Structure formats: structure tokens, C-alpha cells
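Trainee: Dropping the structure in here first, questions after.
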Amino acid sequence: MLHGVEALVAAVIMVLMIGTASLLIGKKRNISFIPLLIVMGLVFGSVLKLANTYLVRKLLDYVRVLGLVIILFAEGHNLQWTILKRHFATIGTLDTISLVITAVIAAFVFSYVFHVPFLAGFLFGAIISATDPATLIPLFRQYRVREDLKIILITESIFNDPLGIVLTTLAVALVLPQAPSAKMMMMFAKFVPLYFASVLYFLYEVVVSIVLGIAMGVVTYYIIKLCGFERGEEILLFSLAMAFLGFLIGERLGASGYLVATVIGIVLGNHHVFFREKAYEALRMQTLIDTEVHFNEALATFATAFIFVLLGASIRIDVLIRTALPSLLVALAVILVARPIAALPIIPVGRWSFREYLFMSLEGPRGVVPSALAGLPLSLGLAYNIPWLIDWGEIILTATFVTVLVSITVETLWLPYIKRWLLGLESE
């Protein structure tokens with residue numbers, strides 16, 4: 001049995017080898033590599049015991065932070081401001097009202113199926129509330145979909161990733177008021193009732209994070225411009241340092257560091273919109289940003305492989321066997337009930353037809369953010385030595401694993417059929 005650094009290196013080797021094999025198989029078979037990462041992580045980590053479960057879970061705790069900052073910062077660059085403005089009503093509805101409705105419905109289903117308190121269900125619902133651009137982007141390259149629907153779903157998933165984390169932070173604060181992330185909410189609770197304080201806390205996190213992200217994005221842009229970065233190496237290191245600095249400051253202020261990093265990426269990725277640039281300045285800056293985006297997307301792929309493989313490897317087989325059926329019921333409820341009901345408000349807001357609404361509601365796979373957050377309740381239960389939270393944490397971890405795996409697999413497989421059925425030839 002390996003211990004210490006050797007065990008850590010063995011776990012890293014397992015992740016990298018599984019990631020390589022999954023990418024090769026996915027490209028050769030023209031399928032999504034993400035379910036392969038999850039299943040192979042389960043087989044090699046949990047079934048064959050090639051990695052220590054305790055070490056895998058501790059590693060996932062660190063990858064959760066570092067990986068999500070990199071992934072969300074990279075995603076922010078791809079969120080086009082002009083498109084966001086054009087479909088603001090629909091995207092804004094999906095990323096706010098629909099996000100919360102999804103979490104609440106999933107919470108009721110989870111608490112009913114597993115016979116646990118609603119707060120445990122809300123913690124699960126918040127974790128799985130975000131959809132996944134890492135699944136949708138390659139999927140829409142493989143199957144051509146109408147440009148407006150494709151852009152809305154991808155943009156929604158990019159922006160609801162950090163908002164899903166904000167909602168999860170709120171859920172953690174309600175379940176565990178003594179957690180450091182709950183300090184700001186408990187301060188609000190001194191003056192107003194707890195549930196109203198939770199609403200204020202959510203708004204505080206969103207507003208402060210966006211303002212801070214814009215400010216740091218502007219500072220980052222002008223430093224890059226004034227320092228005369230000419231080669232890619234400098235901007236690669238500096239931009240990523242600013243993303244992590246934004247995360248750190250955001251967390252220190254009781255806001256969402258993940259949302260801050262995302263907004264910094266949005267500002268840099270849309271520099272031609274937010275800043276007055278001469279033609280040669282815009283070209284030079286775009287060249288630098290393109291270099292940075294390519295590097296960050298490579299890192300994001302690296303982080304994605306770690307998150308999904310470690311999720312599979314962190315599952316206890318006995319818990320999976322015991323909770324497989326109820327977890328499957330919860331997963332199907334998220335896909336077929338929570339998402340369609342939550343997406344209903346977009347019909348009057350965006351004036352979409354019922355078929356367009358139904359297509360968008362059936363393509364919202366859960367992915368990298370839920371996978372990264374899946375082990376958070378269990379980690380908190382172990383850190384604070386709270387038996388009931390440890391029990392909830394094991395169930396939430398397993399149910400999230402099943403929900404992510406089922407949603408990605410099902411919504412990938414049925415896309416060509418529902419596209420033809422709901423959108424017809426106009427989707428080609």
C-alpha cells in the first residue's frame with residue numbers, strides 16, 4: 001500500500017491515464033468523454049481500489065477550488081457580451097428564476113425519496129442546479145442546432161456555473177451557520193429573520209462579486225496594456241494570477257470568488273466592447289487574449305478530467321448499491337420534472353414557441369460544477385465532526401454522481417432525436 005507523496009502521485013497518474021484514454025475513446029467514437037471519465041474513475045478508483053478513497057476525497061477538496069477558478073475564468077472569456085444583451089431576458093431568467101426553481105424542486109424530491117430534512121435536499125438541489133458548458137459545447141459541434149438556441153443554452157451554462165456555486169454557499173450557510181462562509185449571512189440575520197437574511201446574502205454575493213469582478217477585470221486589462229506585454233508567457237501567468245487574486249479577495253469580502261473570476265474573464269474576453277481601442281491596439285490585445293484563452297482552456301480540460309475522475313473514484317460502492325434506485329429516481333426527476341418546470345418562465349419572457357421551450361428544457365445536462373461540489377457537504381461534516389452531515393454528505397455525493405452521469409448520458413443520446421422531433425429541418 002502506497003502512502004504519502006507516493007499515494008498522491010499514484011492518484012495523479014490514475015487521473016491522467018484515465019483522462020487520456022477517455023479523450024481518445026471519445027474522439028474515436030464521436031461521443032462525449034465526460035461519462036467515460038466518471039465511469040472509469042469509479043471502476044479504477046472505487047472498484048479496483050487503485051487509489052485510496054480518503055486521499056481521493058482530500059484531493060478533490062483542493063481540485064474543487066483550484067480547478068473551478070481556472071474553468072470559470074476560461075468560460076468567462078467565451079461569454080460574448082453582444083449575445084448576452086440580445087437574449088438577456090431568456091438567459092437572465094434561466095440563470096436566476098429557473099436556477100432557484102430547479103434547486104427547490106430537486107430539494108423536495110431528494111428529501112422525499114431519501115427521507116431527510118428539506119435543508120439536506122436544498123443542499124443537493126443547489127449543488128446540481130448548474131448546467132454544464134463542457135458537455136454542451138462539443139455536443140453542439142457534433143449535432144448542428146439552430147444558432148440562437150445553441151448560444152442561449154451555452155451562455156446560460158457558462159453564467160449559471162458561478163451562480164450555482166453562490167446558491168450552494170447559501171445552502172451551506174443555512175445548514176451549517178458556524179461555517180466561515182456563513183458569517184455574512186449570520187450578520188444579516190442579526191437584523192432580519194433568517195430566511196430574509198438568506199435572500200439578502202444571496203443578493204450581496206451576486207452584486208459584490210460582479211462589481212469586484214468588473215473592477216479587477218478593468219485593472220487587469222490596463223496593466224496588460226500599459227506594461228507592454230509582447231509575448232504570451234507574461235500574460236499567461238499574470239491573467240491567471242489576477243483570477244486567483246479576484247477569487248481570494250471575493251472570498252475575503254464574503255462574496256463569491258468564483259463569480260469574481262468569471263466576471264474578470266468576461267471583461268477580458270469582451271475587451272473590444274468595454275474599452276475604447278484603436279484598431280492596432282485592439283488587434284494586439286486580441287492576439288494576447290487569444291494566447292491566454294488557449295492556455296486557460298488547456299488548463300480547464302486538465303481540471304475537468306481531475307474533477308470527473310476524482311468524483312467517480314470518491315464513491316463508496318456500498319453506498320452506491322444501497323442508494324442506486326432512489327438516486328436514479330432523483331436524477332430522472334431533475335431531468336424530466338425540475339428542469340422543464342423551471343424553464344417555463346422563458347416562454348412569455350422570450351416569446352418562444354412550446355417546441356423551442358421544450359428543446360431548451362430537455363438540454364440542460366449537469367456537469368463539472370455539481371461534480372466539483374458533490375463532496376463539499378461530506379467534507380464539512382468530517383471537518384466539523386457532525387455525524388448527521390456526514391450521513392447526508394455520503395448520500396448527496398452519490399446522488400450527485402448518479403445525476404451527473406445520467407443527465408449527461410441521456411441528454412447526449414437523445415439530442416439528435418428531440419432536435420428532429422421538436423425543431424425539424426430548420427435546426428439543420
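Going by the C-alpha cells order, chains are called A, B, ..., each with residues numbered from 1, while ligands are numbered from 1 in the order shown.
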Would you mind listing, for every residue of stretch 56-101 of chain A within 6 Å of stretch 265-273 of chain A, the two atoms forming the shortest contact and the distance between them in Å to one decimal, using only C-alpha atoms, sorted by chain and ascending residue number, as a tab-separated table?
Mentor:
```
residue	atom	partner	partner_atom	distance
A:Phe73	CA	A:Gly265	CA	5.0
A:Gly76	CA	A:Gly265	CA	4.3
A:His77	CA	A:Gly269	CA	4.1
```
Trainee: Go ahead and save the residues from that selection, with N, CA and C atoms, as a short mmCIF file (atom, residue, chain, number, x, y, z; two decimals), in the first residue's frame.
Mentor:
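The new file selection-v6.cif reads:
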```
data_model
loop_
_atom_site.label_atom_id
_atom_site.label_comp_id
_atom_site.auth_asym_id
_atom_site.auth_seq_id
_atom_site.Cartn_x
_atom_site.Cartn_y
_atom_site.Cartn_z
N PHE A 73 -12.90 30.95 -15.04
CA PHE A 73 -12.16 32.05 -15.66
C PHE A 73 -12.08 31.84 -17.17
N GLY A 76 -15.52 32.36 -18.76
CA GLY A 76 -15.89 33.77 -18.84
C GLY A 76 -15.45 34.41 -20.15
N HIS A 77 -14.29 34.03 -20.66
CA HIS A 77 -13.80 34.58 -21.93
C HIS A 77 -14.74 34.26 -23.09
#
```
Trainee: Please tabulate, as CSV, the residues of stretch 91-110 of chain A that come within 6 Å of stretch 122-145 of chain A, each with its closest pair of atoms and the distance in Å to one decimal, counting only C-alpha atoms and ordering rows by chain, then residue number upward.
Mentor:
```
residue,atom,partner,partner_atom,distance
A:Leu99,CA,A:Ser129,CA,5.8
A:Thr102,CA,A:Ser129,CA,6.0
A:Ala103,CA,A:Gly125,CA,3.9
A:Ala106,CA,A:Gly125,CA,4.9
A:Ala107,CA,A:Phe122,CA,4.4
```
Trainee: Can you tell me which residues surround A:Phe229 at a distance of at most 10 Å, considering only C-alpha atoms, apart from same-chain residues fewer than 4 positions away, and format the answer as an mmCIF file with C-alpha atoms, in the first residue's frame?
Mentor:
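So result_13.cif came out as:
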```
data_model
loop_
_atom_site.group_PDB
_atom_site.id
_atom_site.type_symbol
_atom_site.label_atom_id
_atom_site.label_comp_id
_atom_site.auth_asym_id
_atom_site.auth_seq_id
_atom_site.Cartn_x
_atom_site.Cartn_y
_atom_site.Cartn_z
ATOM 1 C CA ILE A 223 -1.915 46.536 -16.561
ATOM 2 C CA ILE A 224 -1.628 44.255 -19.599
ATOM 3 C CA LYS A 225 -1.945 47.268 -21.882
ATOM 4 C CA GLU A 233 4.293 33.901 -21.397
ATOM 5 C CA GLU A 234 3.756 37.040 -19.324
ATOM 6 C CA ILE A 235 0.025 37.275 -19.897
ATOM 7 C CA ARG A 284 -2.565 43.486 -30.299
ATOM 8 C CA MET A 285 -4.817 42.902 -27.291
ATOM 9 C CA LEU A 288 -2.604 38.348 -26.377
#
```
Trainee: Residues at most 10 Å from A:Ala197, counting only C-alpha atoms, excluding those fewer than 5 positions away in the same chain, as a PyMOL selection string?
Mentor: chain A and resi 184-192+202-203
Trainee: Do you know which residues are at most 6 Å from A:Ala300 counting only C-alpha atoms, after dropping those on the same chain fewer than 3 positions away, and could you put them as a list in words?
Mentor: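 Residues meeting the cut-off are Ile70, Ile71, Asn296, Glu297, Ala303 and Thr304 of chain A.
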Trainee: Store the residues picked out above in a file with C-alpha atoms, as an mmCIF file, in the first residue's frame.
Mentor:
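Below is the file that was written, again36.cif:
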```
data_model
loop_
_atom_site.group_PDB
_atom_site.id
_atom_site.type_symbol
_atom_site.label_atom_id
_atom_site.label_comp_id
_atom_site.auth_asym_id
_atom_site.auth_seq_id
_atom_site.Cartn_x
_atom_site.Cartn_y
_atom_site.Cartn_z
ATOM 1 C CA ILE A 70 -9.472 28.001 -13.800
ATOM 2 C CA ILE A 71 -12.558 26.543 -15.505
ATOM 3 C CA ASN A 296 -6.545 28.539 -19.936
ATOM 4 C CA GLU A 297 -8.765 26.205 -21.940
ATOM 5 C CA ALA A 303 -9.017 20.413 -14.302
ATOM 6 C CA THR A 304 -12.175 18.902 -15.803
#
```
Trainee: Run DSSP on the backbone and tell me which residues of stretch 264-426 of chain A come out as helix (DSSP H, G or I); list them as a ChimeraX atom specification.
Mentor: /A:264-269,271-274,279-313,317-343,346-350,354-361,368-373,376-383,387-413,415-422,424-426
Trainee: Just to confirm, what's the straight-line distance from atom CA of A:Leu84 to atom CA of A:Leu358 in Å (one decimal)?
Mentor: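 Result for atom CA of A:Leu84 versus atom CA of A:Leu358: 21.0 Å, one decimal.
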Trainee: What's around A:Leu423 at 10 Å? Count only C-alpha atoms, leave out sequence neighbours fewer than 4 positions away in its own chain, and write the answer as a list in words.
Mentor: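 So the residues in contact are Val145, Arg146, Arg355, Glu356, Leu358, Phe359, Tyr417, Ile418, Lys419, Ser427 and Glu428 of chain A.
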Trainee: Report the distance between atom CA of A:Trp414 and atom CA of A:Gly121 in Å, rounded to one decimal place.
Mentor: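 Computing the Euclidean distance for atom CA of A:Trp414 and atom CA of A:Gly121 yields 27.9 Å.
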Trainee: With 12 Å as the cut-off and only C-alpha atoms counted, what is the closest atom pair between each nearby residue of stretch 45-68 of chain A and stretch 380-388 of chain A? Distances in Å to one decimal, ordered by chain and number, as JSON lines.
Mentor:
```
{"residue": "A:Tyr54", "atom": "CA", "partner": "A:Leu382", "partner_atom": "CA", "distance": 11.3}
{"residue": "A:Arg57", "atom": "CA", "partner": "A:Leu382", "partner_atom": "CA", "distance": 11.2}
{"residue": "A:Lys58", "atom": "CA", "partner": "A:Leu382", "partner_atom": "CA", "distance": 11.0}
{"residue": "A:Asp61", "atom": "CA", "partner": "A:Leu380", "partner_atom": "CA", "distance": 10.3}
```
